[in-house]
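Enquirer: I am sharing protein-v4.tsv, which consists of TSV, C-alpha atoms and all ligand atoms:
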```
chain	number	residue	atom	x	y	z
C	12	MET	CA	-30.92	-3.98	-6.24
C	13	SER	CA	-32.77	-6.49	-4.04
C	14	ASP	CA	-30.88	-8.48	-1.41
C	15	SER	CA	-31.19	-11.72	-3.37
C	16	VAL	CA	-29.85	-10.12	-6.59
C	17	LEU	CA	-26.96	-8.66	-4.62
C	18	LEU	CA	-26.16	-12.07	-3.07
C	19	ASN	CA	-26.35	-13.81	-6.46
C	20	ARG	CA	-24.08	-11.26	-8.15
C	21	ALA	CA	-21.55	-11.34	-5.31
C	22	ALA	CA	-21.67	-15.16	-5.23
C	23	LEU	CA	-20.86	-15.30	-8.96
C	24	ILE	CA	-17.72	-13.32	-8.25
C	25	ILE	CA	-16.72	-15.31	-5.16
C	26	ASP	CA	-17.04	-18.58	-7.05
C	27	GLN	CA	-14.41	-17.36	-9.54
C	28	VAL	CA	-11.91	-16.28	-6.89
C	29	SER	CA	-8.80	-18.42	-6.30
C	30	ALA	CA	-5.16	-18.03	-5.28
C	31	GLU	CA	-4.35	-17.26	-8.93
C	32	LYS	CA	-7.36	-14.95	-9.40
C	33	PRO	CA	-7.56	-12.76	-6.27
C	34	ALA	CA	-10.86	-11.18	-5.23
C	35	ASP	CA	-9.84	-7.62	-6.13
C	36	TYR	CA	-8.73	-8.78	-9.61
C	37	VAL	CA	-12.02	-10.62	-10.30
C	38	LEU	CA	-14.01	-7.68	-8.93
C	39	ARG	CA	-12.20	-5.21	-11.20
C	40	GLY	CA	-12.89	-7.37	-14.24
C	41	GLU	CA	-16.53	-8.15	-13.46
C	42	LEU	CA	-17.58	-4.70	-12.27
C	43	GLY	CA	-15.61	-2.92	-15.00
C	44	ALA	CA	-17.55	-4.93	-17.61
C	45	ALA	CA	-20.96	-4.38	-15.92
C	46	LYS	CA	-21.77	-1.05	-17.56
C	47	HIS	CA	-25.47	-1.32	-16.65
C	48	LEU	CA	-24.83	-1.25	-12.88
C	49	LEU	CA	-24.94	1.98	-10.89
C	50	SER	CA	-21.81	3.01	-8.96
C	51	SER	CA	-23.69	2.42	-5.70
C	52	GLU	CA	-24.63	-1.12	-6.80
C	53	LYS	CA	-21.01	-1.89	-7.69
C	54	ARG	CA	-19.97	-0.59	-4.30
C	55	ASP	CA	-22.49	-2.86	-2.55
C	56	ILE	CA	-21.25	-5.91	-4.48
C	57	ALA	CA	-17.61	-5.12	-3.64
C	58	HIS	CA	-18.58	-4.59	0.01
C	59	ALA	CA	-20.26	-8.03	0.09
C	60	VAL	CA	-17.29	-9.79	-1.54
C	61	PHE	CA	-14.84	-8.19	0.90
C	62	ALA	CA	-17.10	-8.94	3.89
C	63	TYR	CA	-17.20	-12.59	2.80
C	64	HIS	CA	-13.41	-12.93	2.92
C	65	ARG	CA	-13.13	-10.81	6.07
C	66	TRP	CA	-15.50	-13.14	7.97
C	67	PHE	CA	-14.48	-16.32	6.12
C	68	GLY	CA	-13.17	-17.96	9.31
C	69	TRP	CA	-16.68	-17.80	10.85
C	70	LEU	CA	-18.61	-19.25	7.90
C	71	ASP	CA	-20.10	-22.73	7.59
C	72	GLN	CA	-18.14	-24.09	4.63
C	73	SER	CA	-20.83	-26.70	3.85
C	74	ALA	CA	-23.48	-24.01	3.14
C	75	SER	CA	-24.07	-22.44	-0.28
C	76	THR	CA	-22.07	-19.36	-1.27
C	77	GLN	CA	-25.23	-17.22	-0.97
C	78	ILE	CA	-25.90	-18.42	2.59
C	79	ARG	CA	-22.28	-17.86	3.59
C	80	LEU	CA	-22.39	-14.37	2.06
C	81	ALA	CA	-25.56	-13.51	3.97
C	82	SER	CA	-23.90	-14.67	7.23
C	83	ALA	CA	-20.79	-12.61	6.47
C	84	LEU	CA	-22.86	-9.47	5.82
C	85	ASP	CA	-24.77	-10.07	9.02
C	86	LEU	CA	-21.54	-10.43	11.01
C	87	GLN	CA	-20.18	-7.25	9.41
C	88	ARG	CA	-23.34	-5.29	10.31
C	89	LYS	CA	-23.22	-6.52	13.91
C	90	TYR	CA	-19.52	-5.80	14.21
C	91	ASP	CA	-19.82	-2.28	12.71
C	92	ALA	CA	-22.62	-1.49	15.17
C	93	ASP	CA	-20.78	-2.98	18.17
C	94	PRO	CA	-17.21	-4.32	17.84
C	95	ALA	CA	-17.59	-5.95	21.28
C	96	SER	CA	-20.17	-8.31	19.72
C	97	ILE	CA	-17.22	-10.45	18.55
C	98	LYS	CA	-15.06	-11.80	21.39
C	99	PRO	CA	-11.29	-11.15	21.20
C	100	GLU	CA	-10.60	-14.94	21.40
C	101	SER	CA	-12.82	-15.47	18.41
C	102	LEU	CA	-10.94	-12.78	16.45
C	103	THR	CA	-7.59	-14.34	17.35
C	104	ALA	CA	-8.72	-17.80	16.24
C	105	ARG	CA	-10.64	-16.87	13.09
C	106	ALA	CA	-9.64	-13.51	11.58
C	107	VAL	CA	-6.15	-14.47	10.42
C	108	PRO	CA	-4.39	-17.74	9.59
C	109	ASP	CA	-2.60	-19.54	12.40
C	110	TRP	CA	0.91	-19.21	10.90
C	111	LEU	CA	0.83	-15.41	11.28
C	112	LYS	CA	1.64	-15.61	14.99
C	113	THR	CA	5.09	-17.01	14.19
C	114	GLU	CA	5.78	-13.85	12.16
C	115	MET	CA	4.28	-10.98	14.19
C	116	GLU	CA	2.74	-10.01	17.48
C	117	ILE	CA	-1.01	-10.12	16.91
C	118	THR	CA	-2.70	-7.63	19.22
C	119	PRO	CA	-6.47	-7.28	19.88
C	120	ALA	CA	-6.33	-3.71	18.51
C	121	TYR	CA	-4.80	-4.93	15.25
C	122	LEU	CA	-7.45	-7.64	14.86
C	123	ARG	CA	-10.28	-5.22	15.63
C	124	GLN	CA	-9.02	-2.91	12.87
C	125	LEU	CA	-8.73	-5.81	10.39
C	126	GLN	CA	-12.46	-6.53	10.64
C	127	ARG	CA	-13.56	-3.00	9.68
C	128	PRO	CA	-14.09	-1.94	6.08
C	129	SER	CA	-11.01	0.07	5.09
C	130	SER	CA	-10.87	3.82	4.52
C	131	LEU	CA	-10.23	5.41	1.16
C	132	TRP	CA	-7.22	7.72	0.99
C	133	ILE	CA	-6.25	10.13	-1.71
C	134	ARG	CA	-3.06	12.09	-2.30
C	135	VAL	CA	-3.54	15.53	-3.77
C	136	GLN	CA	-0.80	17.43	-5.60
C	137	ARG	CA	0.61	20.11	-3.34
C	138	GLU	CA	-0.55	23.09	-5.40
C	139	PHE	CA	-4.18	21.90	-5.17
C	140	ALA	CA	-4.12	20.78	-1.53
C	141	ALA	CA	-6.08	23.76	-0.23
C	142	ALA	CA	-8.69	23.82	-3.01
C	143	LEU	CA	-9.48	20.12	-3.53
C	144	PRO	CA	-11.22	19.38	-0.21
C	145	ARG	CA	-13.59	22.29	-0.97
C	146	SER	CA	-14.47	21.11	-4.47
C	147	LEU	CA	-14.67	17.38	-3.64
C	148	GLY	CA	-16.18	17.58	-0.14
C	149	HIS	CA	-16.18	14.70	2.41
C	150	CYS	CA	-12.40	14.99	2.91
C	151	THR	CA	-10.60	14.89	6.26
C	152	ALA	CA	-6.90	15.23	6.94
C	153	PRO	CA	-5.14	12.61	9.08
C	154	ASP	CA	-3.61	13.44	12.43
C	155	LEU	CA	0.09	12.91	11.84
C	156	SER	CA	1.26	14.68	15.00
C	157	VAL	CA	2.74	11.37	16.20
C	158	LEU	CA	5.37	11.80	13.47
C	159	PRO	CA	7.19	14.90	14.71
C	160	GLY	CA	9.89	14.66	12.03
C	161	LEU	CA	7.37	14.97	9.22
C	162	SER	CA	7.96	18.36	7.64
C	163	THR	CA	4.40	19.09	6.52
C	164	SER	CA	3.20	21.25	9.38
C	165	GLY	CA	1.69	24.60	8.50
C	166	GLN	CA	0.78	23.42	5.00
C	167	PRO	CA	-2.58	21.97	3.93
C	168	SER	CA	-2.50	18.18	4.12
C	169	THR	CA	-1.87	16.40	0.82
C	170	ALA	CA	-3.24	13.18	2.37
C	171	LEU	CA	-7.03	13.14	2.66
C	172	ARG	CA	-9.48	10.49	3.81
C	173	TYR	CA	-12.47	10.51	1.44
C	174	SER	CA	-15.81	9.39	2.86
C	175	GLY	CA	-18.18	10.54	0.09
C	176	SER	CA	-19.98	8.33	-2.40
C	177	THR	CA	-18.87	9.87	-5.70
C	178	ASP	CA	-16.98	7.59	-8.08
C	179	LEU	CA	-13.67	9.41	-7.78
C	180	PHE	CA	-12.28	8.03	-11.04
C	181	LYS	CA	-15.03	9.90	-12.90
C	182	THR	CA	-14.30	13.32	-11.36
C	183	SER	CA	-12.67	15.96	-13.54
C	184	GLU	CA	-10.05	16.51	-10.82
C	185	PHE	CA	-8.94	12.86	-11.04
C	186	GLN	CA	-8.90	12.93	-14.81
C	187	LYS	CA	-6.73	16.07	-14.74
C	188	GLY	CA	-4.28	14.39	-12.36
C	189	VAL	CA	-5.04	16.71	-9.43
C	190	PHE	CA	-5.17	13.70	-7.09
C	191	GLU	CA	-4.41	9.99	-6.98
C	192	ILE	CA	-5.98	7.20	-4.95
C	193	GLN	CA	-3.12	6.26	-2.62
C	194	ASP	CA	-3.24	4.73	0.82
C	195	LEU	CA	-1.91	6.87	3.67
C	196	ALA	CA	0.77	4.28	4.49
C	197	SER	CA	2.14	4.55	0.94
C	198	GLN	CA	2.15	8.32	1.24
C	199	LEU	CA	4.22	8.04	4.41
C	200	VAL	CA	6.87	6.22	2.35
C	201	GLY	CA	7.17	9.28	0.10
C	202	HIS	CA	7.54	11.50	3.16
C	203	ALA	CA	10.21	9.15	4.54
C	204	CYS	CA	12.17	9.60	1.29
C	205	ALA	CA	11.75	13.39	1.61
C	206	PRO	CA	13.48	14.08	-1.72
C	207	GLN	CA	14.60	17.66	-2.40
C	208	PRO	CA	13.99	19.61	-5.64
C	209	GLY	CA	16.90	19.08	-8.05
C	210	GLU	CA	17.99	15.73	-6.60
C	211	THR	CA	18.33	12.46	-8.51
C	212	TRP	CA	16.33	9.50	-7.11
C	213	TRP	CA	15.83	5.88	-8.10
C	214	ASP	CA	12.44	4.31	-7.42
C	215	THR	CA	13.66	0.75	-7.99
C	216	CYS	CA	10.33	-1.14	-7.79
C	217	ALA	CA	8.19	1.62	-9.22
C	218	GLY	CA	5.27	-0.54	-10.41
C	219	GLU	CA	2.50	1.72	-11.66
C	220	GLY	CA	4.27	4.72	-10.21
C	221	GLY	CA	2.26	5.58	-7.09
C	222	LYS	CA	5.40	6.59	-5.23
C	223	THR	CA	7.26	7.95	-8.27
C	224	LEU	CA	4.50	10.54	-8.70
C	225	HIS	CA	4.61	11.44	-5.02
C	226	LEU	CA	8.41	11.87	-5.14
C	227	ALA	CA	8.01	14.12	-8.21
C	228	ASP	CA	5.49	16.31	-6.38
C	229	LEU	CA	7.73	16.56	-3.31
C	230	MET	CA	10.58	17.58	-5.65
C	231	ALA	CA	8.35	20.24	-7.26
C	232	ASN	CA	9.01	18.34	-10.51
C	233	LYS	CA	12.66	19.50	-10.42
C	234	GLY	CA	15.47	16.94	-10.65
C	235	LEU	CA	15.20	13.42	-12.02
C	236	ILE	CA	13.62	10.15	-10.94
C	237	TRP	CA	14.62	6.84	-12.45
C	238	ALA	CA	11.59	4.55	-12.20
C	239	SER	CA	12.29	0.86	-12.79
C	240	ASP	CA	10.32	-2.33	-12.54
C	241	ARG	CA	10.57	-5.80	-14.00
C	242	ASN	CA	6.97	-5.63	-15.20
C	243	THR	CA	6.69	-3.63	-18.42
C	244	GLY	CA	2.88	-3.52	-18.20
C	245	ARG	CA	3.13	-1.71	-14.89
C	246	LEU	CA	5.64	0.74	-16.34
C	247	ALA	CA	3.19	1.46	-19.19
C	248	ALA	CA	0.55	2.31	-16.58
C	249	LEU	CA	3.10	4.53	-14.81
C	250	ARG	CA	3.68	6.50	-18.03
C	251	LYS	CA	-0.08	7.09	-18.40
C	252	ARG	CA	-0.46	8.23	-14.80
C	253	ALA	CA	2.58	10.50	-15.09
C	254	ALA	CA	1.13	12.14	-18.21
C	255	ARG	CA	-2.17	12.72	-16.41
C	256	ALA	CA	-0.35	14.29	-13.46
C	257	GLN	CA	1.86	16.39	-15.80
C	258	VAL	CA	4.99	14.75	-14.39
C	259	PHE	CA	7.83	14.64	-16.90
C	260	ASN	CA	11.05	14.53	-14.83
C	261	TYR	CA	11.31	10.74	-14.77
C	262	ARG	CA	12.87	7.98	-16.83
C	263	ALA	CA	11.03	4.62	-16.86
C	264	VAL	CA	13.26	1.59	-17.47
C	265	THR	CA	12.88	-2.16	-17.17
C	266	TRP	CA	15.04	-3.79	-14.48
C	267	ASN	CA	14.67	-7.36	-13.29
C	268	GLY	CA	16.14	-6.72	-9.85
C	269	GLY	CA	19.39	-8.52	-10.68
C	270	PRO	CA	23.01	-7.38	-10.46
C	271	PHE	CA	22.97	-5.80	-13.96
C	272	LEU	CA	21.71	-2.32	-13.20
C	273	PRO	CA	19.86	-0.10	-15.66
C	274	THR	CA	22.28	2.83	-15.12
C	275	LYS	CA	25.69	3.76	-13.69
C	276	THR	CA	24.19	6.92	-12.16
C	277	LYS	CA	24.95	7.58	-8.49
C	278	PHE	CA	21.81	8.71	-6.70
C	279	ASP	CA	20.99	11.13	-3.90
C	280	GLY	CA	18.33	8.71	-2.81
C	281	ILE	CA	17.08	5.21	-3.58
C	282	LEU	CA	13.69	3.77	-2.70
C	283	VAL	CA	13.25	-0.01	-2.60
C	284	ASP	CA	9.48	-0.44	-2.34
C	285	ALA	CA	9.95	-4.17	-2.51
C	286	PRO	CA	7.59	-6.97	-3.53
C	287	CYS	CA	6.27	-8.51	-0.30
C	288	SER	CA	3.65	-10.81	1.18
C	289	GLY	CA	1.24	-7.87	1.57
C	290	VAL	CA	0.10	-8.75	5.10
C	291	GLY	CA	-0.31	-5.00	5.69
C	292	THR	CA	-3.09	-4.93	3.08
C	293	TRP	CA	-5.23	-7.62	4.73
C	294	GLN	CA	-7.87	-5.16	5.90
C	295	ARG	CA	-8.38	-3.74	2.41
C	296	ASN	CA	-7.80	-7.06	0.68
C	297	PRO	CA	-9.06	-9.77	3.08
C	298	HIS	CA	-8.98	-12.57	0.50
C	299	ALA	CA	-5.16	-12.52	0.70
C	300	ARG	CA	-5.35	-13.72	4.34
C	301	TRP	CA	-6.34	-17.13	3.01
C	302	THR	CA	-3.94	-17.44	0.06
C	303	THR	CA	-0.66	-16.04	1.43
C	304	THR	CA	1.67	-18.72	2.84
C	305	PRO	CA	4.80	-18.87	5.00
C	306	THR	CA	6.64	-20.07	1.89
C	307	ASP	CA	5.73	-16.80	0.14
C	308	VAL	CA	7.17	-14.89	3.08
C	309	LYS	CA	10.42	-16.88	2.97
C	310	GLU	CA	10.86	-16.53	-0.80
C	311	LEU	CA	10.04	-12.82	-0.81
C	312	ALA	CA	12.51	-12.15	2.02
C	313	GLU	CA	15.26	-13.56	-0.20
C	314	ILE	CA	14.28	-11.24	-3.06
C	315	GLN	CA	14.08	-8.23	-0.72
C	316	ILE	CA	17.64	-8.58	0.60
C	317	GLN	CA	18.93	-9.20	-2.92
C	318	LEU	CA	17.27	-6.01	-4.18
C	319	LEU	CA	18.87	-4.00	-1.37
C	320	ASP	CA	22.28	-5.61	-1.98
C	321	ASN	CA	22.11	-4.94	-5.70
C	322	VAL	CA	21.23	-1.25	-5.49
C	323	ALA	CA	23.32	-0.22	-2.46
C	324	ASN	CA	26.39	0.72	-4.47
C	325	SER	CA	24.39	3.14	-6.62
C	326	LEU	CA	23.94	5.55	-3.73
C	327	LYS	CA	26.19	8.62	-3.45
C	328	PRO	CA	28.08	9.05	-0.17
C	329	GLY	CA	25.66	10.84	2.15
C	330	GLY	CA	22.71	9.54	0.09
C	331	ARG	CA	19.53	8.12	1.56
C	332	LEU	CA	18.33	4.52	1.14
C	333	ILE	CA	14.69	3.77	1.99
C	334	TYR	CA	13.32	0.24	2.26
C	335	ALA	CA	9.53	-0.13	2.37
C	336	VAL	CA	7.21	-3.14	2.39
C	337	CYS	CA	3.43	-3.23	2.89
C	338	THR	CA	3.78	-6.17	5.21
C	339	LEU	CA	4.31	-6.74	8.92
C	340	THR	CA	6.09	-10.11	9.08
C	341	LYS	CA	9.37	-10.20	11.01
C	342	SER	CA	11.14	-12.03	8.17
C	343	GLU	CA	10.43	-9.23	5.69
C	344	THR	CA	10.82	-6.23	8.03
C	345	THR	CA	13.18	-6.12	11.00
C	346	ALA	CA	15.08	-9.25	9.89
C	347	ILE	CA	15.83	-7.66	6.50
C	348	ALA	CA	16.86	-4.37	8.12
C	349	ASP	CA	19.14	-6.25	10.57
C	350	LYS	CA	20.71	-8.25	7.77
C	351	PHE	CA	21.36	-5.19	5.59
C	352	THR	CA	22.92	-3.23	8.45
C	353	ALA	CA	25.10	-6.19	9.45
C	354	THR	CA	26.39	-6.80	5.92
C	355	HIS	CA	26.87	-3.16	4.81
C	356	PRO	CA	29.27	-1.38	7.14
C	357	GLY	CA	29.34	1.56	4.72
C	358	PHE	CA	25.74	2.37	5.66
C	359	GLU	CA	24.37	3.71	8.92
C	360	PRO	CA	20.74	3.62	10.05
C	361	ALA	CA	19.17	7.06	9.59
C	362	PRO	CA	15.93	8.67	10.87
C	363	VAL	CA	12.90	7.54	8.87
C	364	PHE	CA	11.19	10.90	9.38
C	365	GLY	CA	13.06	14.17	9.83
C	366	SER	CA	16.69	14.57	10.79
C	367	LEU	CA	16.80	14.25	14.58
C	368	ALA	CA	19.63	11.80	15.29
C	369	THR	CA	17.53	10.24	18.05
C	370	ALA	CA	14.60	9.49	15.71
C	371	ASP	CA	13.82	5.90	14.78
C	372	SER	CA	15.54	4.36	11.76
C	373	ARG	CA	12.67	1.87	11.42
C	374	PHE	CA	8.98	2.57	11.53
C	375	PHE	CA	5.92	0.34	11.50
C	376	VAL	CA	2.72	1.92	10.22
C	377	TRP	CA	0.16	-0.11	12.21
C	378	PRO	CA	-3.30	-0.17	10.58
C	379	GLN	CA	-4.99	0.54	13.92
C	380	ASP	CA	-2.88	3.68	14.51
C	381	PHE	CA	-3.38	5.27	11.09
C	382	ASP	CA	-6.60	3.69	9.77
C	383	ALA	CA	-4.50	2.66	6.79
C	384	ASN	CA	-2.53	-0.25	5.37
C	385	GLY	CA	0.25	-1.74	7.48
C	386	MET	CA	3.73	-0.78	6.29
C	387	PHE	CA	7.34	-1.07	7.42
C	388	ILE	CA	9.88	1.59	6.53
C	389	ALA	CA	13.62	1.53	7.26
C	390	ALA	CA	16.19	4.20	6.36
C	391	TRP	CA	19.98	4.29	6.01
C	392	LYS	CA	22.52	6.90	5.04
C	393	ARG	CA	25.62	5.97	3.04
C	394	LYS	CA	28.63	7.05	5.04
C	395	ALA	CA	30.72	9.80	3.48
C	401	LIG	C1	5.11	-3.02	-3.83
C	401	LIG	S1	5.05	-3.11	-5.53
C	401	LIG	C2	5.52	-1.49	-6.01
C	401	LIG	C3	4.45	-0.46	-5.87
C	401	LIG	C4	4.84	0.89	-6.42
C	401	LIG	N1	6.11	1.34	-5.89
C	401	LIG	C5	3.78	1.93	-6.16
C	401	LIG	O1	3.94	2.75	-5.26
C	401	LIG	O2	2.79	1.95	-6.90
C	401	LIG	C6	6.50	-4.01	-5.91
C	401	LIG	C7	6.91	-3.98	-7.36
C	401	LIG	O3	8.11	-4.74	-7.47
C	401	LIG	C8	8.12	-5.34	-8.73
C	401	LIG	N2	9.05	-6.48	-8.63
C	401	LIG	C9	8.79	-7.71	-8.19
C	401	LIG	N3	9.92	-8.44	-8.20
C	401	LIG	C10	10.87	-7.65	-8.67
C	401	LIG	C11	12.23	-7.84	-8.94
C	401	LIG	N4	12.83	-8.99	-8.68
C	401	LIG	N5	12.91	-6.80	-9.45
C	401	LIG	C12	12.31	-5.60	-9.70
C	401	LIG	N6	11.01	-5.36	-9.47
C	401	LIG	C13	10.31	-6.38	-8.95
C	401	LIG	C14	6.71	-5.73	-9.01
C	401	LIG	O4	6.48	-5.80	-10.40
C	401	LIG	C15	5.94	-4.59	-8.33
C	401	LIG	O5	5.58	-3.62	-9.28
```
Before we go any further, please render this structure as structure tokens.
Ligand SMILES: C[S@@+](CC[C@H](N)C(=O)[O-])C[C@H]1O[C@@H](n2cnc3c(N)ncnc32)[C@H](O)[C@@H]1O
Expert:
Amino acid sequence: MSDSVLLNRAALIIDQVSAEKPADYVLRGELGAAKHLLSSEKRDIAHAVFAYHRWFGWLDQSASTQIRLASALDLQRKYDADPASIKPESLTARAVPDWLKTEMEITPAYLRQLQRPSSLWIRVQREFAAALPRSLGHCTAPDLSVLPGLSTSGQPSTALRYSGSTDLFKTSEFQKGVFEIQDLASQLVGHACAPQPGETWWDTCAGEGGKTLHLADLMANKGLIWASDRNTGRLAALRKRAARAQVFNYRAVTWNGGPFLPTKTKFDGILVDAPCSGVGTWQRNPHARWTTTPTDVKELAEIQIQLLDNVANSLKPGGRLIYAVCTLTKSETTAIADKFTATHPGFEPAPVFGSLATADSRFFVWPQDFDANGMFIAAWKRKA
């Protein structure tokens, strides 16, 4: 594809993008329908669209979309070759919206990470963890030694960074459910839950089931997982993914997050992977930097504490409650954890990873530390 065709195709997509139609949604629709394009051409178009939104703060808004796109690609090339080519002050002023500084500490390392194209992570089912990297190639395991409580040492990593160019969705291994595309930060949420075979868990905001499937694998498919969401379309996708992965020990139910719960079951563990502002996904999904607002953060924080309040009583004494959000704002992370601890004396903060009493009961996955999405995880134990 020539440069001008690439710019025209990417511009057609950018011109359709809005707050209601995010860039990744338009890309999925347009590229999914473009059967005549090669996988490599689709990748180049997606790269251009993401570069545009990543470098949006530097672009001359009076120029045509094609000219702005060409500038964005140029900035990306320069930055990839030499990150020092962009001054830290310029990153602070242009890479993220101004309101973010009221919600988090914005470090130069974080901003530098935000301007890189994101890595692709997969999660392989445990029984295939040794074989898959050999058959797929281009896989590297993350260094998780900074998480001493994580009980995965000595076993092949089930988290793998994929740097090849094969369309993974078309591989026979994907179609047989051997692996899922799942960001490393999301995988760390499953490890924080650390469910045991035979237990009963509730994945309260299960969506399309990324974490439900991980919990099932960690439980060796023994025990039961209730998977709920208010969006029935997402639950339908969960059922498809579960069938592909040969996961059957789950029950998918609709739940709107309110006080009427889908079951009276008392659980060994509950995961609240709550809806959030998604600031942690801004490297992978740069368009959201320019559409997310402080009002979103405020409204979502209200939903998050309500979700925790509503499910808390469904935990067995001694059970484990995990709160996770793929965002980094204070209002949706530490403020929620503080509020829950202050209003639920029957719960005590518990280690996020492992069982050492001294371990942290809150953990931020910083994108620059893990080359992954940003995530916040907090854990509590219900007192006996
Ligand atoms: C972060 S996503 C979940 C992702 C999912 N756990 C995964 O790993 O693939 C949050 C989910 O919460 C659901 N949700 C939003 N508001 C909700 C509410 N009030 N009650 C229940 N679910 C809600 C959304 O439909 C969305 O699927």
Enquirer: Check the smallest atom-to-atom distance from each of C:Gln198, C:Ser96, C:Ser82, C:Thr276 to Trp212 (chain C) using only C-alpha atoms, then report the winner.
Expert: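 Ranked by minimum distance to Trp212 (chain C), first place goes to C:Thr276.
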Enquirer: Do you have the CA of Ala57 (chain C)-CA of Glu191 (chain C) distance handy?
Expert: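 Taking CA of Ala57 (chain C) and CA of Glu191 (chain C), their separation equals 20.3 Å.
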Enquirer: Residues within 6 Å of ligand LIG 401 (chain C) (only C-alpha atoms and all ligand atoms), as a list of chain:residue names?
Expert: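 These are the residues that qualify: C:Cys216, C:Ala217, C:Gly218, C:Glu219, C:Gly220, C:Gly221, C:Lys222, C:Asp240, C:Arg241, C:Asn242, C:Trp266, C:Asn267, C:Gly268, C:Asp284, C:Ala285, C:Pro286.
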Enquirer: May I have the residues from that selection written out with C-alpha atoms, as a compact mmCIF listing (two decimals), in the coordinates of the input?
Expert:
```txt
# COMPACT_ATOMS: atom_id res chain seq x y z
CA CYS C 216 10.33 -1.14 -7.79
CA ALA C 217 8.19 1.62 -9.22
CA GLY C 218 5.27 -0.54 -10.41
CA GLU C 219 2.50 1.72 -11.66
CA GLY C 220 4.27 4.72 -10.21
CA GLY C 221 2.26 5.58 -7.09
CA LYS C 222 5.40 6.59 -5.23
CA ASP C 240 10.32 -2.33 -12.54
CA ARG C 241 10.57 -5.80 -14.00
CA ASN C 242 6.97 -5.63 -15.20
CA TRP C 266 15.04 -3.79 -14.48
CA ASN C 267 14.67 -7.36 -13.29
CA GLY C 268 16.14 -6.72 -9.85
CA ASP C 284 9.48 -0.44 -2.34
CA ALA C 285 9.95 -4.17 -2.51
CA PRO C 286 7.59 -6.97 -3.53
```
Enquirer: For CA of Pro362 (chain C) and CA of Ala348 (chain C), quote the distance in Å rounded to one decimal.
Expert: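 About the pair CA of Pro362 (chain C) and CA of Ala348 (chain C): they are 13.4 Å apart.
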Enquirer: Work out how far CA of Val258 (chain C) is from CA of Leu224 (chain C), in Å to one decimal.
Expert: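 So the two atoms, CA of Leu224 (chain C) and CA of Val258 (chain C), lie 7.1 Å apart.
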Enquirer: Point out the residue among C:Ala254, C:Leu131, C:Ala203, C:Leu235 with the least atom-to-atom distance to Asn384 (chain C), counting all atoms listed in the file.
Expert: C:Leu131
Enquirer: Between C:Pro33, C:Pro153, C:Gly201, C:Pro273, which has the minimum distance to Ile388 (chain C) (counting all atoms listed in the file)?
Expert: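 Closest to Ile388 (chain C), using all atoms listed in the file: C:Gly201.
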Enquirer: When you look at Leu226 (chain C) with a cut-off of 12 Å (counting only C-alpha atoms), what residues show up, excluding the ones that are within fewer than 6 positions of it in the same chain? I need them as a tab-separated table (two decimals) with C-alpha atoms, in the frame of the given file.
Expert:
```tsv
chain	number	residue	atom	x	y	z
C	134	ARG	CA	-3.06	12.09	-2.30
C	136	GLN	CA	-0.80	17.43	-5.60
C	137	ARG	CA	0.61	20.11	-3.34
C	197	SER	CA	2.14	4.55	0.94
C	198	GLN	CA	2.15	8.32	1.24
C	199	LEU	CA	4.22	8.04	4.41
C	200	VAL	CA	6.87	6.22	2.35
C	201	GLY	CA	7.17	9.28	0.10
C	202	HIS	CA	7.54	11.50	3.16
C	203	ALA	CA	10.21	9.15	4.54
C	204	CYS	CA	12.17	9.60	1.29
C	205	ALA	CA	11.75	13.39	1.61
C	206	PRO	CA	13.48	14.08	-1.72
C	207	GLN	CA	14.60	17.66	-2.40
C	208	PRO	CA	13.99	19.61	-5.64
C	209	GLY	CA	16.90	19.08	-8.05
C	210	GLU	CA	17.99	15.73	-6.60
C	211	THR	CA	18.33	12.46	-8.51
C	212	TRP	CA	16.33	9.50	-7.11
C	213	TRP	CA	15.83	5.88	-8.10
C	214	ASP	CA	12.44	4.31	-7.42
C	217	ALA	CA	8.19	1.62	-9.22
C	220	GLY	CA	4.27	4.72	-10.21
C	232	ASN	CA	9.01	18.34	-10.51
C	233	LYS	CA	12.66	19.50	-10.42
C	234	GLY	CA	15.47	16.94	-10.65
C	235	LEU	CA	15.20	13.42	-12.02
C	236	ILE	CA	13.62	10.15	-10.94
C	237	TRP	CA	14.62	6.84	-12.45
C	238	ALA	CA	11.59	4.55	-12.20
C	253	ALA	CA	2.58	10.50	-15.09
C	258	VAL	CA	4.99	14.75	-14.39
C	260	ASN	CA	11.05	14.53	-14.83
C	261	TYR	CA	11.31	10.74	-14.77
C	280	GLY	CA	18.33	8.71	-2.81
C	281	ILE	CA	17.08	5.21	-3.58
C	282	LEU	CA	13.69	3.77	-2.70
```
Enquirer: Give me, as a tab-separated table, the closest atom pair and its distance (Å, one decimal) for every residue of region 118-195 of chain C within a cut-off of 8 Å of region 97-102 of chain C, counting only C-alpha atoms, rows sorted by chain and rising number.
Expert:
```
residue	atom	partner	partner_atom	distance
C:Pro119	CA	C:Pro99	CA	6.3
C:Leu122	CA	C:Leu102	CA	6.4
C:Arg123	CA	C:Leu102	CA	7.6
```
Enquirer: Between C:Leu84, C:Leu272, C:Leu339, C:Leu23, which is the closest to Leu318 (chain C) once you count only C-alpha atoms?
Expert: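 For Leu318 (chain C), the nearest of the candidates is C:Leu272.
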Enquirer: With distances taken over only C-alpha atoms, which of C:Ser342, C:Ala335, C:Arg373, C:His64 is nearest to Glu310 (chain C)?
Expert: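 Using only C-alpha atoms, the shortest distance to Glu310 (chain C) belongs to C:Ser342.
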